[in-house]
file input-v6.tsv (TSV, C-alpha atoms and all ligand atoms)
chain	number	residue	atom	x	y	z
A	1	MET	CA	12.44	-11.16	25.64
A	2	LEU	CA	11.92	-11.92	29.33
A	3	ARG	CA	13.49	-8.66	30.48
A	4	THR	CA	13.68	-8.65	34.28
A	5	THR	CA	12.53	-5.83	36.53
A	6	ILE	CA	11.48	-5.16	40.13
A	7	ALA	CA	8.26	-4.02	41.83
A	8	GLY	CA	10.12	-1.03	43.20
A	9	SER	CA	11.43	-0.88	46.74
A	10	LEU	CA	14.67	-2.44	47.96
A	11	PRO	CA	16.15	-2.58	51.46
A	12	LYS	CA	17.94	0.60	52.51
A	13	PRO	CA	21.53	0.51	53.78
A	14	THR	CA	21.61	0.25	57.58
A	15	TRP	CA	23.42	3.60	57.83
A	16	LEU	CA	20.37	5.28	56.25
A	17	ALA	CA	17.44	3.58	58.00
A	18	GLU	CA	16.80	0.62	60.24
A	19	SER	CA	16.56	-2.51	58.15
A	20	GLU	CA	13.77	-5.09	57.91
A	21	ARG	CA	11.16	-2.54	58.90
A	22	LEU	CA	8.44	-0.72	56.93
A	23	TRP	CA	8.16	3.05	57.53
A	24	ALA	CA	11.63	3.02	59.16
A	25	PRO	CA	12.60	6.61	60.08
A	26	TRP	CA	15.83	8.12	58.71
A	27	LYS	CA	19.01	7.77	60.72
A	28	LEU	CA	20.55	10.93	59.19
A	29	GLU	CA	19.45	14.53	59.00
A	30	GLY	CA	20.16	17.73	57.09
A	31	VAL	CA	22.78	17.62	54.34
A	32	ALA	CA	23.90	14.13	55.43
A	33	LEU	CA	20.36	12.86	54.83
A	34	GLN	CA	20.14	14.48	51.38
A	35	GLU	CA	23.47	12.94	50.39
A	36	GLY	CA	22.57	9.62	51.98
A	37	ARG	CA	19.31	9.36	50.01
A	38	ARG	CA	21.19	10.11	46.79
A	39	ASP	CA	24.09	7.75	47.49
A	40	ALA	CA	21.76	4.91	48.48
A	41	THR	CA	19.92	5.40	45.19
A	42	ILE	CA	23.11	5.11	43.17
A	43	LEU	CA	24.15	2.05	45.17
A	44	ALA	CA	20.77	0.37	44.61
A	45	VAL	CA	21.03	0.97	40.86
A	46	LYS	CA	24.53	-0.53	40.75
A	47	LEU	CA	23.56	-3.55	42.86
A	48	GLN	CA	20.60	-4.23	40.54
A	49	GLU	CA	22.98	-4.07	37.57
A	50	ASP	CA	25.32	-6.52	39.29
A	51	ALA	CA	22.39	-8.83	39.98
A	52	GLY	CA	21.59	-8.76	36.25
A	53	ILE	CA	18.30	-6.84	36.38
A	54	ASP	CA	17.46	-5.38	32.95
A	55	ILE	CA	15.00	-2.60	33.82
A	56	VAL	CA	16.33	-1.07	37.04
A	57	GLY	CA	14.69	1.31	39.50
A	58	ASP	CA	15.76	3.78	42.17
A	59	GLY	CA	14.96	1.15	44.81
A	60	GLU	CA	12.73	3.77	46.51
A	61	GLN	CA	15.80	4.65	48.59
A	62	ALA	CA	14.93	8.33	48.94
A	63	ARG	CA	11.46	7.86	50.45
A	64	VAL	CA	10.37	6.49	53.81
A	65	HIS	CA	7.37	4.67	52.32
A	66	PHE	CA	6.00	4.15	48.83
A	67	VAL	CA	2.87	6.22	49.51
A	68	HIS	CA	3.98	8.90	51.94
A	69	GLY	CA	7.19	9.62	50.01
A	70	PHE	CA	5.18	11.16	47.19
A	71	LEU	CA	3.19	13.40	49.56
A	72	ALA	CA	6.32	15.23	50.73
A	73	ASN	CA	6.11	18.25	48.44
A	74	LEU	CA	2.36	18.82	48.11
A	75	ASP	CA	0.16	21.61	49.41
A	76	GLY	CA	-3.00	20.60	51.24
A	77	ILE	CA	-1.49	17.96	53.53
A	78	ASP	CA	-0.82	18.47	57.22
A	79	PHE	CA	1.94	16.08	58.29
A	80	ASP	CA	1.61	17.14	61.94
A	81	LYS	CA	-2.02	16.11	62.01
A	82	LYS	CA	-1.57	12.36	62.34
A	83	THR	CA	-4.40	9.88	62.44
A	84	ILE	CA	-4.14	6.20	63.27
A	85	MET	CA	-6.24	4.61	60.58
A	86	GLY	CA	-7.15	1.09	59.50
A	87	ILE	CA	-5.94	0.76	55.91
A	88	ARG	CA	-6.62	-1.75	53.09
A	89	ASN	CA	-10.09	-2.38	54.54
A	90	ASN	CA	-8.75	-2.43	58.12
A	91	ARG	CA	-6.17	-5.12	57.40
A	92	TYR	CA	-3.64	-3.12	59.40
A	93	GLU	CA	-3.23	0.20	61.15
A	94	ALA	CA	-0.97	3.00	60.02
A	95	GLU	CA	-0.23	6.48	61.28
A	96	VAL	CA	-1.18	8.73	58.37
A	97	PRO	CA	-1.11	12.47	57.62
A	98	THR	CA	-4.31	14.44	56.94
A	99	VAL	CA	-5.63	16.26	53.87
A	100	THR	CA	-6.72	19.68	55.12
A	101	GLY	CA	-6.92	21.72	51.88
A	102	ALA	CA	-6.76	21.58	48.10
A	103	ILE	CA	-4.03	19.21	46.83
A	104	ARG	CA	-1.41	21.01	44.73
A	105	ARG	CA	2.13	20.13	43.75
A	106	LYS	CA	4.59	22.72	45.06
A	107	GLY	CA	7.41	21.45	42.85
A	108	PRO	CA	9.39	18.32	42.02
A	109	VAL	CA	9.08	15.45	44.48
A	110	HIS	CA	11.44	12.79	43.15
A	111	SER	CA	13.73	14.67	40.73
A	112	MET	CA	16.83	14.33	42.88
A	113	GLU	CA	16.83	10.54	42.91
A	114	ALA	CA	15.56	10.24	39.33
A	115	LYS	CA	18.50	12.35	38.13
A	116	ALA	CA	20.95	10.37	40.27
A	117	ALA	CA	19.65	7.04	38.97
A	118	ARG	CA	19.60	8.26	35.36
A	119	ALA	CA	23.17	9.56	35.59
A	120	HIS	CA	24.50	6.21	36.79
A	121	THR	CA	22.90	3.62	34.55
A	122	THR	CA	22.46	3.19	30.83
A	123	ARG	CA	19.85	0.49	31.39
A	124	LYS	CA	16.16	1.17	31.08
A	125	LEU	CA	14.99	3.03	34.18
A	126	LYS	CA	11.67	2.51	35.91
A	127	PHE	CA	10.20	4.87	38.47
A	128	THR	CA	7.30	4.08	40.78
A	129	LEU	CA	4.58	6.38	42.08
A	130	PRO	CA	1.65	5.45	44.32
A	131	GLY	CA	-1.65	5.13	42.48
A	132	PRO	CA	-4.52	7.52	43.33
A	133	MET	CA	-6.77	4.91	44.98
A	134	THR	CA	-3.94	3.58	47.14
A	135	ILE	CA	-2.98	7.11	48.26
A	136	VAL	CA	-6.57	7.84	49.26
A	137	ASP	CA	-6.55	4.63	51.28
A	138	THR	CA	-3.39	5.69	53.12
A	139	ILE	CA	-4.31	9.22	54.20
A	140	ALA	CA	-6.99	10.86	56.37
A	141	ASP	CA	-9.28	13.37	54.63
A	142	GLU	CA	-10.88	16.42	56.20
A	143	HIS	CA	-11.32	18.40	53.00
A	144	TYR	CA	-12.68	16.51	49.96
A	145	GLY	CA	-15.26	14.17	51.48
A	146	ARG	CA	-15.67	11.75	48.56
A	147	ARG	CA	-12.86	9.27	47.99
A	148	GLU	CA	-13.15	9.58	44.21
A	149	ASP	CA	-12.81	13.37	44.34
A	150	LEU	CA	-9.69	13.13	46.47
A	151	ALA	CA	-8.29	10.44	44.17
A	152	MET	CA	-8.84	12.68	41.10
A	153	ALA	CA	-7.03	15.53	42.86
A	154	PHE	CA	-4.08	13.24	43.53
A	155	ALA	CA	-4.22	11.95	39.94
A	156	ALA	CA	-3.64	15.49	38.64
A	157	VAL	CA	-0.51	16.04	40.75
A	158	LEU	CA	0.77	12.53	40.00
A	159	ASN	CA	0.45	13.36	36.31
A	160	GLU	CA	2.56	16.51	36.73
A	161	GLU	CA	5.23	14.53	38.56
A	162	ALA	CA	5.16	11.70	36.01
A	163	HIS	CA	5.73	14.15	33.14
A	164	GLU	CA	8.69	15.63	35.00
A	165	LEU	CA	10.19	12.16	35.59
A	166	GLN	CA	9.71	11.32	31.92
A	167	ALA	CA	11.53	14.52	30.93
A	168	LEU	CA	14.44	13.45	33.16
A	169	GLY	CA	14.83	10.27	31.10
A	170	VAL	CA	12.72	7.73	32.98
A	171	ASP	CA	11.59	4.96	30.61
A	172	VAL	CA	8.81	3.29	32.61
A	173	ILE	CA	6.40	4.93	35.03
A	174	GLN	CA	4.63	2.49	37.32
A	175	PHE	CA	1.67	3.35	39.51
A	176	ASP	CA	1.34	1.15	42.59
A	177	GLU	CA	-2.25	0.13	43.29
A	178	PRO	CA	-2.34	-2.64	45.89
A	179	ALA	CA	-5.75	-1.19	46.81
A	180	PHE	CA	-6.99	-2.64	43.48
A	181	ASN	CA	-6.98	-6.05	45.20
A	182	VAL	CA	-9.11	-4.73	48.07
A	183	TYR	CA	-11.82	-2.38	46.77
A	184	MET	CA	-12.96	-4.52	43.89
A	185	LYS	CA	-16.13	-2.59	43.09
A	186	GLU	CA	-14.47	0.84	43.16
A	187	VAL	CA	-11.77	-0.18	40.66
A	188	PRO	CA	-14.06	-0.05	37.59
A	189	ASP	CA	-16.25	2.68	39.17
A	190	TRP	CA	-13.48	5.27	39.55
A	191	GLY	CA	-10.09	3.62	40.24
A	192	ILE	CA	-9.15	3.15	36.60
A	193	ALA	CA	-10.37	6.58	35.53
A	194	CYS	CA	-8.11	8.13	38.19
A	195	LEU	CA	-5.22	5.92	37.12
A	196	GLU	CA	-5.63	6.96	33.49
A	197	ARG	CA	-5.75	10.61	34.56
A	198	ALA	CA	-2.43	10.09	36.40
A	199	ALA	CA	-0.92	8.62	33.23
A	200	GLN	CA	-2.50	11.11	30.81
A	201	GLY	CA	-0.28	12.16	27.91
A	202	LEU	CA	2.77	10.13	28.92
A	203	THR	CA	4.95	8.71	26.16
A	204	ALA	CA	7.02	6.63	28.59
A	205	THR	CA	5.83	3.06	29.12
A	206	THR	CA	3.09	2.98	31.78
A	207	ALA	CA	2.54	0.19	34.30
A	208	VAL	CA	0.24	-0.65	37.18
A	209	HIS	CA	1.47	-2.79	40.07
A	210	ILE	CA	-1.24	-4.72	41.89
A	211	CYS	CA	-0.36	-7.24	44.57
A	212	TYR	CA	-1.25	-8.89	47.85
A	213	GLY	CA	1.11	-6.61	49.72
A	214	TYR	CA	4.50	-6.68	51.37
A	215	GLY	CA	5.70	-9.79	53.17
A	216	ILE	CA	4.58	-8.48	56.55
A	217	LYS	CA	2.56	-10.42	59.11
A	218	ALA	CA	-0.77	-8.62	58.52
A	219	ASN	CA	-0.65	-9.56	54.83
A	220	ILE	CA	0.49	-13.13	55.43
A	221	ASP	CA	-2.42	-13.56	57.88
A	222	TRP	CA	-4.85	-12.01	55.37
A	223	LYS	CA	-3.71	-14.29	52.56
A	224	ALA	CA	-4.29	-17.29	54.82
A	225	THR	CA	-8.01	-16.34	54.84
A	226	LEU	CA	-8.38	-16.06	51.05
A	227	GLY	CA	-9.04	-19.72	50.34
A	228	GLU	CA	-7.62	-22.09	47.78
A	229	GLU	CA	-7.82	-19.79	44.76
A	230	TRP	CA	-7.16	-16.06	44.82
A	231	ARG	CA	-9.40	-14.70	42.07
A	232	HIS	CA	-9.36	-10.95	42.86
A	233	TYR	CA	-7.61	-10.10	39.61
A	234	GLU	CA	-10.47	-11.71	37.72
A	235	GLN	CA	-12.74	-8.85	38.78
A	236	THR	CA	-10.38	-6.04	37.76
A	237	PHE	CA	-8.29	-7.30	34.84
A	238	PRO	CA	-11.09	-7.00	32.24
A	239	ALA	CA	-11.46	-3.28	33.00
A	240	ILE	CA	-7.70	-2.78	33.22
A	241	ALA	CA	-7.29	-4.55	29.86
A	242	LYS	CA	-9.50	-1.87	28.30
A	243	SER	CA	-7.45	0.95	29.85
A	244	SER	CA	-4.51	2.79	28.31
A	245	ILE	CA	-2.03	1.38	30.87
A	246	GLN	CA	0.48	-0.84	29.06
A	247	GLN	CA	1.91	-3.17	31.73
A	248	VAL	CA	0.14	-5.01	34.56
A	249	SER	CA	1.65	-7.04	37.39
A	250	LEU	CA	0.44	-10.14	39.16
A	251	GLU	CA	1.87	-12.41	41.83
A	252	CYS	CA	2.88	-15.83	40.54
A	253	ARG	CA	5.45	-17.23	42.99
A	254	ASN	CA	4.04	-19.05	46.05
A	255	SER	CA	0.66	-17.50	45.36
A	256	LYS	CA	-2.73	-19.05	44.85
A	257	VAL	CA	-3.53	-16.86	41.85
A	258	PRO	CA	-4.68	-19.08	38.95
A	259	LEU	CA	-2.22	-18.19	36.21
A	260	ASP	CA	-4.82	-18.49	33.48
A	261	LEU	CA	-6.14	-15.10	34.69
A	262	ILE	CA	-3.27	-13.71	32.60
A	263	LYS	CA	-5.51	-14.40	29.60
A	264	LEU	CA	-7.70	-11.52	30.76
A	265	LEU	CA	-4.80	-9.14	30.03
A	266	ASP	CA	-4.75	-9.74	26.30
A	267	GLY	CA	-2.53	-7.16	24.60
A	268	LYS	CA	-0.80	-5.99	27.78
A	269	ASP	CA	2.75	-6.58	28.95
A	270	VAL	CA	2.66	-8.86	31.99
A	271	LEU	CA	4.93	-8.27	34.99
A	272	ALA	CA	4.98	-11.77	36.43
A	273	GLY	CA	6.06	-12.00	40.06
A	274	ALA	CA	8.54	-14.87	40.19
A	275	ILE	CA	10.05	-13.92	43.57
A	276	ASP	CA	8.19	-14.37	46.86
A	277	VAL	CA	8.72	-11.33	49.09
A	278	ALA	CA	7.09	-13.04	52.08
A	279	SER	CA	9.84	-15.63	52.48
A	280	ASN	CA	13.52	-15.25	53.27
A	281	THR	CA	14.31	-18.41	51.32
A	282	VAL	CA	16.15	-17.33	48.19
A	283	GLU	CA	14.62	-18.96	45.11
A	284	THR	CA	16.86	-21.09	42.95
A	285	PRO	CA	17.23	-20.07	39.30
A	286	GLU	CA	15.40	-23.30	38.42
A	287	GLU	CA	12.43	-22.32	40.61
A	288	VAL	CA	12.28	-18.91	38.94
A	289	ALA	CA	12.48	-20.59	35.54
A	290	ALA	CA	9.58	-22.89	36.46
A	291	THR	CA	7.39	-19.88	37.37
A	292	ILE	CA	8.29	-18.15	34.10
A	293	ARG	CA	7.54	-21.29	32.08
A	294	ALA	CA	4.14	-21.59	33.77
A	295	ALA	CA	3.28	-17.97	32.91
A	296	LEU	CA	4.49	-18.48	29.32
A	297	ALA	CA	1.53	-20.77	28.77
A	298	PHE	CA	-0.63	-17.62	28.72
A	299	VAL	CA	1.55	-14.79	27.36
A	300	ALA	CA	4.22	-14.46	24.67
A	301	PRO	CA	7.84	-14.14	25.88
A	302	GLU	CA	8.16	-10.65	24.36
A	303	LYS	CA	5.31	-9.50	26.60
A	304	LEU	CA	6.46	-11.26	29.78
A	305	PHE	CA	8.66	-9.37	32.25
A	306	PRO	CA	9.87	-11.53	35.19
A	307	CYS	CA	9.54	-9.42	38.33
A	308	THR	CA	9.25	-9.61	42.13
A	309	ASN	CA	5.80	-10.25	43.64
A	310	CYS	CA	5.94	-6.93	45.52
A	311	GLY	CA	8.45	-4.53	47.04
A	312	MET	CA	11.42	-5.73	49.09
A	313	ALA	CA	11.70	-2.77	51.48
A	314	PRO	CA	11.07	-4.86	54.63
A	315	MET	CA	13.68	-7.55	53.80
A	316	SER	CA	17.39	-7.82	54.56
A	317	ALA	CA	19.70	-6.61	51.81
A	318	GLU	CA	21.43	-9.97	51.59
A	319	VAL	CA	18.19	-11.85	50.95
A	320	ALA	CA	16.74	-9.21	48.60
A	321	TYR	CA	19.77	-8.96	46.33
A	322	GLY	CA	20.20	-12.74	46.43
A	323	LYS	CA	16.65	-13.03	45.14
A	324	LEU	CA	17.34	-10.52	42.36
A	325	ALA	CA	20.35	-12.55	41.21
A	326	ALA	CA	18.14	-15.66	41.15
A	327	LEU	CA	15.50	-13.74	39.17
A	328	SER	CA	17.91	-12.84	36.39
A	329	ALA	CA	19.57	-16.28	36.40
A	330	GLY	CA	16.15	-17.95	36.10
A	331	ALA	CA	15.11	-15.66	33.24
A	332	ALA	CA	18.43	-16.41	31.49
A	333	LEU	CA	17.72	-20.16	31.74
A	334	VAL	CA	14.37	-19.76	29.98
A	335	ARG	CA	15.76	-17.36	27.37
A	336	LYS	CA	18.34	-20.00	26.52
A	337	GLU	CA	15.66	-22.68	26.16
A	338	LEU	CA	13.80	-20.37	23.80
A	339	GLY	CA	16.96	-19.85	21.77
A	340	ALA	CA	17.30	-16.17	22.72
A	341	ALA	CA	20.43	-14.56	24.12
B	1	LIG	N1	6.53	0.11	44.58
B	1	LIG	C1	6.15	-0.38	45.90
B	1	LIG	C2	7.26	-1.23	46.42
B	1	LIG	O1	7.86	-1.89	45.63
B	1	LIG	C3	4.89	-1.16	45.80
B	1	LIG	C4	4.34	-1.55	47.11
B	1	LIG	S1	2.75	-2.25	46.98
B	1	LIG	C5	2.45	-2.76	48.62
B	1	LIG	O2	7.54	-1.25	47.58

call {"tool": "encode", "arguments": {"input": "input-v6.tsv", "output": "structure tokens"}}
result
Amino acid sequence: MLRTTIAGSLPKPTWLAESERLWAPWKLEGVALQEGRRDATILAVKLQEDAGIDIVGDGEQARVHFVHGFLANLDGIDFDKKTIMGIRNNRYEAEVPTVTGAIRRKGPVHSMEAKAARAHTTRKLKFTLPGPMTIVDTIADEHYGRREDLAMAFAAVLNEEAHELQALGVDVIQFDEPAFNVYMKEVPDWGIACLERAAQGLTATTAVHICYGYGIKANIDWKATLGEEWRHYEQTFPAIAKSSIQQVSLECRNSKVPLDLIKLLDGKDVLAGAIDVASNTVETPEEVAATIRAALAFVAPEKLFPCTNCGMAPMSAEVAYGKLAALSAGAALVRKELGAA
């Protein structure tokens, strides 16, 4: 019970990319870059093991960004045609590539790092992919026209990739849908259908990560406008609860999400964020334990997975791995209280 895991991304080593920066470009090229992406993946897996994380990930070390990393080996995308676009309902601007033709998967996207991670840990392995709605919100479109049509096209290629990752021994496939906290009406209209298409036929555990974003200024400013109670999940959880996706995340640490919204996820595994990624203060194990205990009022310990609120890509390695050690120490405290090893 209370198996710990992470939302996905971890800081990259400073020899691979500039630290404490989203979308940081690579510092290496050619063969050195290929080896660097692989070696950083193995290192991230080992550091998660040392921190005591139970379900480890590749740390998203081999991709520049959680959305654009997946687009690397697809037909139909022009990476030279860059558009500056307001994303997440204009919360911030990003330079994004453009869809100029039919989306097709040319071949494996993440096999290299999935194989490297699988070869170097016997723990359960989670792999993250961007969800269809979030991809559509992070790319310019000159070909499909309707967001739901583009999302369905991405769902089909995500599904191919997910099956390949599963065949390589990945235990959990998580789709990242921060856009599910932004486009509330579209989530039941077409977001979940696209998500289920992406997960179609998988036998691995499936998860959806929804959050209030990385700990960057634009998101911190946005959260300051959301009032005393953040009730976005209330609009989407009932539809997600009816879906085939097995695990759902929510932010619990330093967030204004009412924890009783967990009740809307009856039957699902809950990935409870017990680590704030918008603060460099490392939680104490006791603080983590308090968050877990609060969530346990609404979900059984077997279905509760202590996690980070969101990805840690923009943090320093020292802070991020310190927080992971606190996460596992806090979970261990509560397991002990419950009489479990
Ligand atoms: N898997 C992604 C990460 O951990 C999720 C990001 S959602 C803003 O970085």

call {"tool": "residues_around", "arguments": {"input": "input-v6.tsv", "residues": "A:Thr291", "least_positions_apart": "6", "cutoff": "10 Å", "atoms": "all atoms listed in the file", "output": "MDAnalysis selection string"}}
result
chainID A and resid 252:254 259 272:275 306 330:331

call {"tool": "residues_around", "arguments": {"input": "input-v6.tsv", "residues": "A:Leu28", "least_positions_apart": "3", "cutoff": "12 Å", "atoms": "all atoms listed in the file", "output": "list of chain:residue names"}}
result
A:Pro13, A:Thr14, A:Trp15, A:Leu16, A:Ala17, A:Glu18, A:Ala24, A:Pro25, A:Val31, A:Ala32, A:Leu33, A:Gln34, A:Glu35, A:Gly36, A:Arg37, A:Ala62

call {"tool": "closest_residue", "arguments": {"input": "input-v6.tsv", "among": "A:Phe70, A:Tyr233, A:Trp222, A:Tyr214", "to": "ligand LIG 1 (chain B)", "atoms": "all atoms listed in the file"}}
result
A:Tyr214

call {"tool": "residues_near_ligand", "arguments": {"input": "input-v6.tsv", "ligand": "ligand LIG 1 (chain B)", "cutoff": "6 Å", "atoms": "all atoms listed in the file", "output": "PyMOL selection string"}}
result
chain A and resi 7-9+66+128+176+178+213-214+310-311+313

call {"tool": "atom_distance", "arguments": {"input": "input-v6.tsv", "atom1": "atom CA of A:Leu304", "atom2": "atom CA of A:Leu2"}}
result
5.5 Å

call {"tool": "residues_around", "arguments": {"input": "input-v6.tsv", "residues": "A:Thr134", "least_positions_apart": "3", "cutoff": "10 Å", "atoms": "only C-alpha atoms", "output": "PDB file with C-alpha atoms, in the frame of the given file"}}
result
ATOM      1  CA  VAL A  67       2.870   6.220  49.510  1.00  0.00           C
ATOM      2  CA  ILE A  87      -5.940   0.760  55.910  1.00  0.00           C
ATOM      3  CA  ARG A  88      -6.620  -1.750  53.090  1.00  0.00           C
ATOM      4  CA  PRO A 130       1.650   5.450  44.320  1.00  0.00           C
ATOM      5  CA  GLY A 131      -1.650   5.130  42.480  1.00  0.00           C
ATOM      6  CA  ASP A 137      -6.550   4.630  51.280  1.00  0.00           C
ATOM      7  CA  THR A 138      -3.390   5.690  53.120  1.00  0.00           C
ATOM      8  CA  ILE A 139      -4.310   9.220  54.200  1.00  0.00           C
ATOM      9  CA  ALA A 151      -8.290  10.440  44.170  1.00  0.00           C
ATOM     10  CA  PHE A 175       1.670   3.350  39.510  1.00  0.00           C
ATOM     11  CA  ASP A 176       1.340   1.150  42.590  1.00  0.00           C
ATOM     12  CA  GLU A 177      -2.250   0.130  43.290  1.00  0.00           C
ATOM     13  CA  PRO A 178      -2.340  -2.640  45.890  1.00  0.00           C
ATOM     14  CA  ALA A 179      -5.750  -1.190  46.810  1.00  0.00           C
ATOM     15  CA  PHE A 180      -6.990  -2.640  43.480  1.00  0.00           C
ATOM     16  CA  VAL A 182      -9.110  -4.730  48.070  1.00  0.00           C
ATOM     17  CA  TYR A 183     -11.820  -2.380  46.770  1.00  0.00           C
ATOM     18  CA  GLY A 191     -10.090   3.620  40.240  1.00  0.00           C
TER      19      GLY A 191
END

call {"tool": "residues_around", "arguments": {"input": "input-v6.tsv", "residues": "A:Glu142", "least_positions_apart": "4", "cutoff": "8 Å", "atoms": "only C-alpha atoms", "output": "PyMOL selection string"}}
result
chain A and resi 98-101

call {"tool": "residues_around", "arguments": {"input": "input-v6.tsv", "residues": "A:Gly52", "least_positions_apart": "3", "cutoff": "7 Å", "atoms": "all atoms listed in the file", "output": "number ranges by chain"}}
result
A: 48-49, 325, 328

call {"tool": "atom_distance", "arguments": {"input": "input-v6.tsv", "atom1": "atom CA of A:Cys211", "atom2": "atom CA of A:Val248"}}
result
10.3 Å

call {"tool": "atom_distance", "arguments": {"input": "input-v6.tsv", "atom1": "atom CA of A:Val136", "atom2": "atom CA of A:Glu186"}}
result
12.2 Å

call {"tool": "axis_aligned_box", "arguments": {"input": "input-v6.tsv", "around": "stretch 259-263 of chain A", "padding_each_side": "5 Å", "output": "JSON"}}
result
{"center_x": -4.2, "center_y": -16.1, "center_z": 32.9, "size_x": 13.9, "size_y": 14.8, "size_z": 16.6}

call {"tool": "closest_residue", "arguments": {"input": "input-v6.tsv", "among": "A:Arg104, A:His120, A:His110, A:Lys81", "to": "A:Asp141", "atoms": "all atoms listed in the file"}}
result
A:Lys81

call {"tool": "closest_residue", "arguments": {"input": "input-v6.tsv", "among": "A:Thr121, A:Asn181, A:Thr284, A:Gln166", "to": "A:Tyr212", "atoms": "only C-alpha atoms"}}
result
A:Asn181

call {"tool": "closest_residue", "arguments": {"input": "input-v6.tsv", "among": "A:Ala51, A:Val277, A:His65, A:Pro301", "to": "A:Asn219", "atoms": "only C-alpha atoms"}}
result
A:Val277

call {"tool": "closest_residue", "arguments": {"input": "input-v6.tsv", "among": "A:Ile77, A:Ile216, A:Met112, A:Leu271", "to": "A:Arg91", "atoms": "all atoms listed in the file"}}
result
A:Ile216
